[in-house]
Amino acid sequence: MTEPLLRELVPAVIGVLLRRGADFGSAEDAVQEALVRALEAWPDDPPRDPKAWLVTVAWRKFLDAARSEASRRGRELAAEVEPPAGGVPALDDTLRLYFLCTHPTLPRNSAVALTLRAVGGLTTRQIATAYLVPEATMAQRISRAKRRIAGLRLDRPGDLGTVLRVLYLVFNEGYGGDVDLASEAIRLARRLVALTDEPEVAGLLALMLLHHARRASRTGPGGRLVPLGEQDRSRWDTGLIGEGVAILQTALARDRLGEYQAQAAIAALHADARSTAETDWVQIVEWYDEVLLLTASPVVRLNRAVAVGEAHGPRAGLAALAEVSPDLPRHAAVTAYLHERVGNLERAAALYAEAARAATSVPERDHLTREAARVRQLPR
Amino acid sequence: MKYLLLKHYRGGPTPAVDFPPLDRWTPEEVDAHVQFMRDFAARLEETGEFVDTQALAAEGTFVRSDGEGRPPVTDGPFAETKDLIAGWYVIDVESWDRAVQLAGELSAAPGPGGKPIHEWLEVRPFYTESPTVTE
């Protein structure tokens with residue numbers, strides 16, 4: 001119970017410190033320290049008012065740090081902890097943190113780390129474990145990121161597009177240590193939906209929910225990858241699918257289509273089908289065309305070729321593939337799949353093996369190696 | 001993205017600079033070289049890119065199973081193994097380009113006379129743990 005509650009409170013408590021005049025870097029550090037204290041103390045001695053407890057402890061940590069910094073520099077403290085001139089910014093505290101932590105000037109992995117700490121309320125140790133780096137490295141990454149955005153104005157909306165990209169990046173990281181990053185990304189997206197009025201935010205949340213609903217079926221024993229066509233659809237989470245579809249429909253009704261809504265629409269069509277054979281591939285191709293109008297991404301072009309192969313046959317898929325750069329990761333895997341369906345088994349096996357060598361994750365490499373082996377055993 | 005910067009005692013392309021083994025350098029040259037390696041790791045820590053560094057002894061042996069109930073078979077050490085790994089750094093960086101840039105910096109470690117040794121380093125990407133959702 002302690003931890004989810006704490007995580008919810010973190011951005012609000014940082015907000016209180018900011019409004020009392022603390023700078024973002026110090027406020028965030030102070031709240032992290034208070035968070036670590038709370039994780040130790042609360043299980044045995046839960047406070048009556050958790051938020052007030054956190055504010056008190058964090059504010060004390062902030063003052064201690066500010067005093068020692070002031071004495072180090074031989075300066076008076078008072079001037080540094082006055083509320084900023086111009087009063088309280090109009091932007092919601094938490095929303096402000098989303099924009100700040102994912103600021104476009106930050107390298108992606110720094111933005112991810114800072115968002116998970118300041119908005120997600122995770123400890124440095126949890127983030128370090130999730131991303132398999134030493135805690136000291138993660139601490140450095142976060143403090144460098146904060147130095148980089150120090151002095152930025154906090155009173156205006158930032159770039160929602162980068163916020164969404166960072167959240168999707170976290171989502172795609174999956175599990176890491178004791179933190180389920182996919183669930184964490186969904187939580188942060190839900191919160192963002194409540195704070196904004198932008199259909200793309202809802203689109204991203206819907207996309208995450210629809211992917212997440214199929215997570216259990218996506219891996220078999222030992223983390224082995226199960227492709228869509230072989231997934232046990234009875235294991236799909238119908239509750240999450242229903243929620244994702246409802247959120248998507250509300251967003252689409254606003255008639256301001258964006259990349260995430262279109263991707264979510266594709267995910268919804270998959271989630272809606274009882275098998276790959278019963279999937280509405282023609283409509284999926286149409287949605288991919290919409291996505292291409294919005295992004296022109298080569299990865300989307302590649303995925304579109306797969307859908308074309310299902311909708312209009314593998315030869316049409318291969319023709320669609322001709323427009324896609326062969327340098328893309330997974331290009332060989334897609335080509336292999338289409339050649340297998342055409343019946344070019346030699347070619348397919350060689351391409352699967354090539355795809356396995358180009359894979360970027362262990363489960364993908366193992367899956368593609370197994371595919372190459374499977375095709376080599378087929379009678380011809 | 002994580003990358004391995006692999007240092008070889010031997011193996012890899014022909015060295016760009018021909019220099020004698022470390023035990024023929026002056027003590028000051030050895031110190032300067034070792035200090036450079038430490039500073040490199042410290043800089044990676046400072047930039048939030050450090051994951052691990054280890055050095056390996058040159059002497060080792062090959063081991064394999066010889067069937068159930070029998071002790072493993074060992075072979076070697078081989079004085080003349082073609083490829084001999086000296087150690088590594090593991091870095092976690094934004095891009096391949098950054099990994100190559102860092103390897104370039106590491107390769108400029110000082111050798112005899114304080115001149116950069118320009119040694120070849122092997123840069124290898126790590127597989128990630130989780131596949132990207134693609135369907």
# chains A, B, ... in the order shown; residues from 1 in each chain; ligands from 1
call {"tool": "interface_residues", "arguments": {"of": "chain A", "to": "chain B", "cutoff": "10 Å", "atoms": "only C-alpha atoms", "output": "PyMOL selection string"}}
result
chain A and resi 107-110+131-145+169+171-176+211-212+215+218+223+225+227-229+266-267+270+299-300+303+306-307+330+359-365
call {"tool": "residues_around", "arguments": {"residues": "Ala32 of chain B", "least_positions_apart": "6", "cutoff": "10 Å", "atoms": "only C-alpha atoms", "output": "mmCIF file with N, CA and C atoms, in the first residue's frame"}}
result
data_model
loop_
_atom_site.group_PDB
_atom_site.id
_atom_site.type_symbol
_atom_site.label_atom_id
_atom_site.label_comp_id
_atom_site.auth_asym_id
_atom_site.auth_seq_id
_atom_site.Cartn_x
_atom_site.Cartn_y
_atom_site.Cartn_z
ATOM 1 N N THR B 26 58.608 2.864 -19.283
ATOM 2 C CA THR B 26 59.123 3.386 -18.009
ATOM 3 C C THR B 26 57.977 3.357 -17.002
ATOM 4 N N ARG B 38 41.690 4.996 -15.580
ATOM 5 C CA ARG B 38 40.854 5.343 -14.419
ATOM 6 C C ARG B 38 40.050 6.604 -14.709
ATOM 7 N N ALA B 109 44.761 6.235 -25.437
ATOM 8 C CA ALA B 109 45.503 6.121 -24.173
ATOM 9 C C ALA B 109 46.996 6.333 -24.439
ATOM 10 N N PRO B 110 47.690 6.992 -23.493
ATOM 11 C CA PRO B 110 49.106 7.296 -23.729
ATOM 12 C C PRO B 110 49.989 6.053 -23.613
ATOM 13 N N GLY B 111 50.996 5.985 -24.448
ATOM 14 C CA GLY B 111 51.965 4.887 -24.427
ATOM 15 C C GLY B 111 53.369 5.441 -24.206
ATOM 16 N N PRO B 112 54.364 4.748 -24.755
ATOM 17 C CA PRO B 112 55.749 5.209 -24.587
ATOM 18 C C PRO B 112 55.914 6.643 -25.096
ATOM 19 N N GLY B 114 54.540 9.113 -23.916
ATOM 20 C CA GLY B 114 53.294 9.863 -23.743
ATOM 21 C C GLY B 114 52.481 9.955 -25.016
#
call {"tool": "select_by_dssp", "arguments": {"residues": "segment 215-281 of chain A", "states": "alpha helix (DSSP H)", "output": "number ranges by chain"}}
result
A: 215-218, 238-253, 259-272, 281
call {"tool": "write_last_selection", "arguments": {"atoms": "N, CA and C atoms", "output": "short mmCIF file (atom, residue, chain, number, x, y, z; two decimals), in the first residue's frame"}}
result
data_model
loop_
_atom_site.label_atom_id
_atom_site.label_comp_id
_atom_site.auth_asym_id
_atom_site.auth_seq_id
_atom_site.Cartn_x
_atom_site.Cartn_y
_atom_site.Cartn_z
N ARG A 215 -0.37 -8.92 -23.39
CA ARG A 215 0.99 -9.21 -22.95
C ARG A 215 1.18 -10.67 -22.53
N ALA A 216 0.23 -11.19 -21.74
CA ALA A 216 0.39 -12.55 -21.19
C ALA A 216 0.55 -13.58 -22.31
N SER A 217 -0.09 -13.33 -23.45
CA SER A 217 -0.07 -14.32 -24.52
C SER A 217 1.14 -14.15 -25.44
N ARG A 218 1.87 -13.05 -25.24
CA ARG A 218 2.94 -12.73 -26.18
C ARG A 218 4.22 -13.53 -25.91
N THR A 238 -9.80 -9.03 -21.66
CA THR A 238 -10.94 -8.38 -22.32
C THR A 238 -11.32 -7.07 -21.61
N GLY A 239 -11.06 -7.01 -20.32
CA GLY A 239 -11.35 -5.77 -19.58
C GLY A 239 -10.53 -4.61 -20.13
N LEU A 240 -9.21 -4.86 -20.28
CA LEU A 240 -8.32 -3.82 -20.80
C LEU A 240 -8.66 -3.47 -22.25
N ILE A 241 -9.02 -4.50 -23.02
CA ILE A 241 -9.37 -4.25 -24.43
C ILE A 241 -10.61 -3.35 -24.49
N GLY A 242 -11.61 -3.68 -23.67
CA GLY A 242 -12.84 -2.88 -23.64
C GLY A 242 -12.53 -1.43 -23.27
N GLU A 243 -11.69 -1.26 -22.28
CA GLU A 243 -11.35 0.09 -21.84
C GLU A 243 -10.59 0.84 -22.94
N GLY A 244 -9.62 0.14 -23.55
CA GLY A 244 -8.83 0.77 -24.61
C GLY A 244 -9.70 1.19 -25.79
N VAL A 245 -10.61 0.31 -26.18
CA VAL A 245 -11.48 0.62 -27.32
C VAL A 245 -12.38 1.82 -26.98
N ALA A 246 -12.93 1.83 -25.77
CA ALA A 246 -13.82 2.95 -25.38
C ALA A 246 -13.06 4.28 -25.39
N ILE A 247 -11.85 4.27 -24.83
CA ILE A 247 -11.05 5.51 -24.80
C ILE A 247 -10.73 5.95 -26.23
N LEU A 248 -10.40 4.97 -27.09
CA LEU A 248 -10.06 5.29 -28.47
C LEU A 248 -11.26 5.90 -29.20
N GLN A 249 -12.43 5.28 -29.00
CA GLN A 249 -13.62 5.79 -29.71
C GLN A 249 -13.94 7.23 -29.32
N THR A 250 -13.84 7.52 -28.03
CA THR A 250 -14.08 8.90 -27.57
C THR A 250 -13.07 9.85 -28.23
N ALA A 251 -11.80 9.40 -28.30
CA ALA A 251 -10.77 10.25 -28.90
C ALA A 251 -11.04 10.47 -30.39
N LEU A 252 -11.35 9.37 -31.10
CA LEU A 252 -11.58 9.48 -32.55
C LEU A 252 -12.78 10.39 -32.87
N ALA A 253 -13.77 10.38 -31.97
CA ALA A 253 -14.97 11.19 -32.19
C ALA A 253 -14.65 12.69 -32.19
N GLU A 259 -1.07 10.17 -34.85
CA GLU A 259 -0.35 8.92 -35.00
C GLU A 259 -0.78 7.87 -33.97
N TYR A 260 -0.86 8.27 -32.71
CA TYR A 260 -1.16 7.28 -31.67
C TYR A 260 -2.59 6.75 -31.79
N GLN A 261 -3.53 7.64 -32.15
CA GLN A 261 -4.90 7.17 -32.33
C GLN A 261 -4.97 6.16 -33.47
N ALA A 262 -4.25 6.44 -34.55
CA ALA A 262 -4.28 5.54 -35.70
C ALA A 262 -3.63 4.20 -35.35
N GLN A 263 -2.52 4.25 -34.61
CA GLN A 263 -1.86 3.00 -34.18
C GLN A 263 -2.78 2.22 -33.25
N ALA A 264 -3.49 2.94 -32.39
CA ALA A 264 -4.41 2.29 -31.46
C ALA A 264 -5.57 1.64 -32.23
N ALA A 265 -5.99 2.30 -33.31
CA ALA A 265 -7.08 1.73 -34.12
C ALA A 265 -6.64 0.39 -34.71
N ILE A 266 -5.37 0.31 -35.13
CA ILE A 266 -4.84 -0.95 -35.67
C ILE A 266 -4.81 -2.01 -34.57
N ALA A 267 -4.34 -1.61 -33.40
CA ALA A 267 -4.29 -2.54 -32.26
C ALA A 267 -5.70 -3.02 -31.90
N ALA A 268 -6.67 -2.11 -32.01
CA ALA A 268 -8.06 -2.46 -31.67
C ALA A 268 -8.61 -3.49 -32.67
N LEU A 269 -8.25 -3.34 -33.95
CA LEU A 269 -8.72 -4.30 -34.95
C LEU A 269 -8.13 -5.69 -34.68
N HIS A 270 -6.89 -5.75 -34.24
CA HIS A 270 -6.30 -7.03 -33.86
C HIS A 270 -7.03 -7.61 -32.65
N ALA A 271 -7.25 -6.75 -31.66
CA ALA A 271 -7.85 -7.21 -30.40
C ALA A 271 -9.27 -7.70 -30.61
N ASP A 272 -9.90 -7.20 -31.65
CA ASP A 272 -11.29 -7.50 -31.93
C ASP A 272 -11.48 -8.83 -32.66
N TRP A 281 -7.91 -7.29 -42.23
CA TRP A 281 -6.61 -6.78 -42.70
C TRP A 281 -6.75 -5.60 -43.66
#
call {"tool": "closest_residue", "arguments": {"among": "B:Lys82, B:Arg64, B:His118, B:Arg124", "to": "Pro15 of chain B", "atoms": "only C-alpha atoms"}}
result
B:His118
call {"tool": "residues_around", "arguments": {"residues": "Val123 of chain B", "least_positions_apart": "5", "cutoff": "9 Å", "atoms": "only C-alpha atoms", "output": "list of chain:residue names"}}
result
B:Tyr3, B:Leu4, B:Leu5, B:Leu6, B:Ala99, B:Val100, B:Ala103
call {"tool": "closest_residue", "arguments": {"among": "A:Thr124, A:Thr102, A:Ser71, A:Gln231", "to": "Arg165 of chain A", "atoms": "only C-alpha atoms"}}
result
A:Thr102
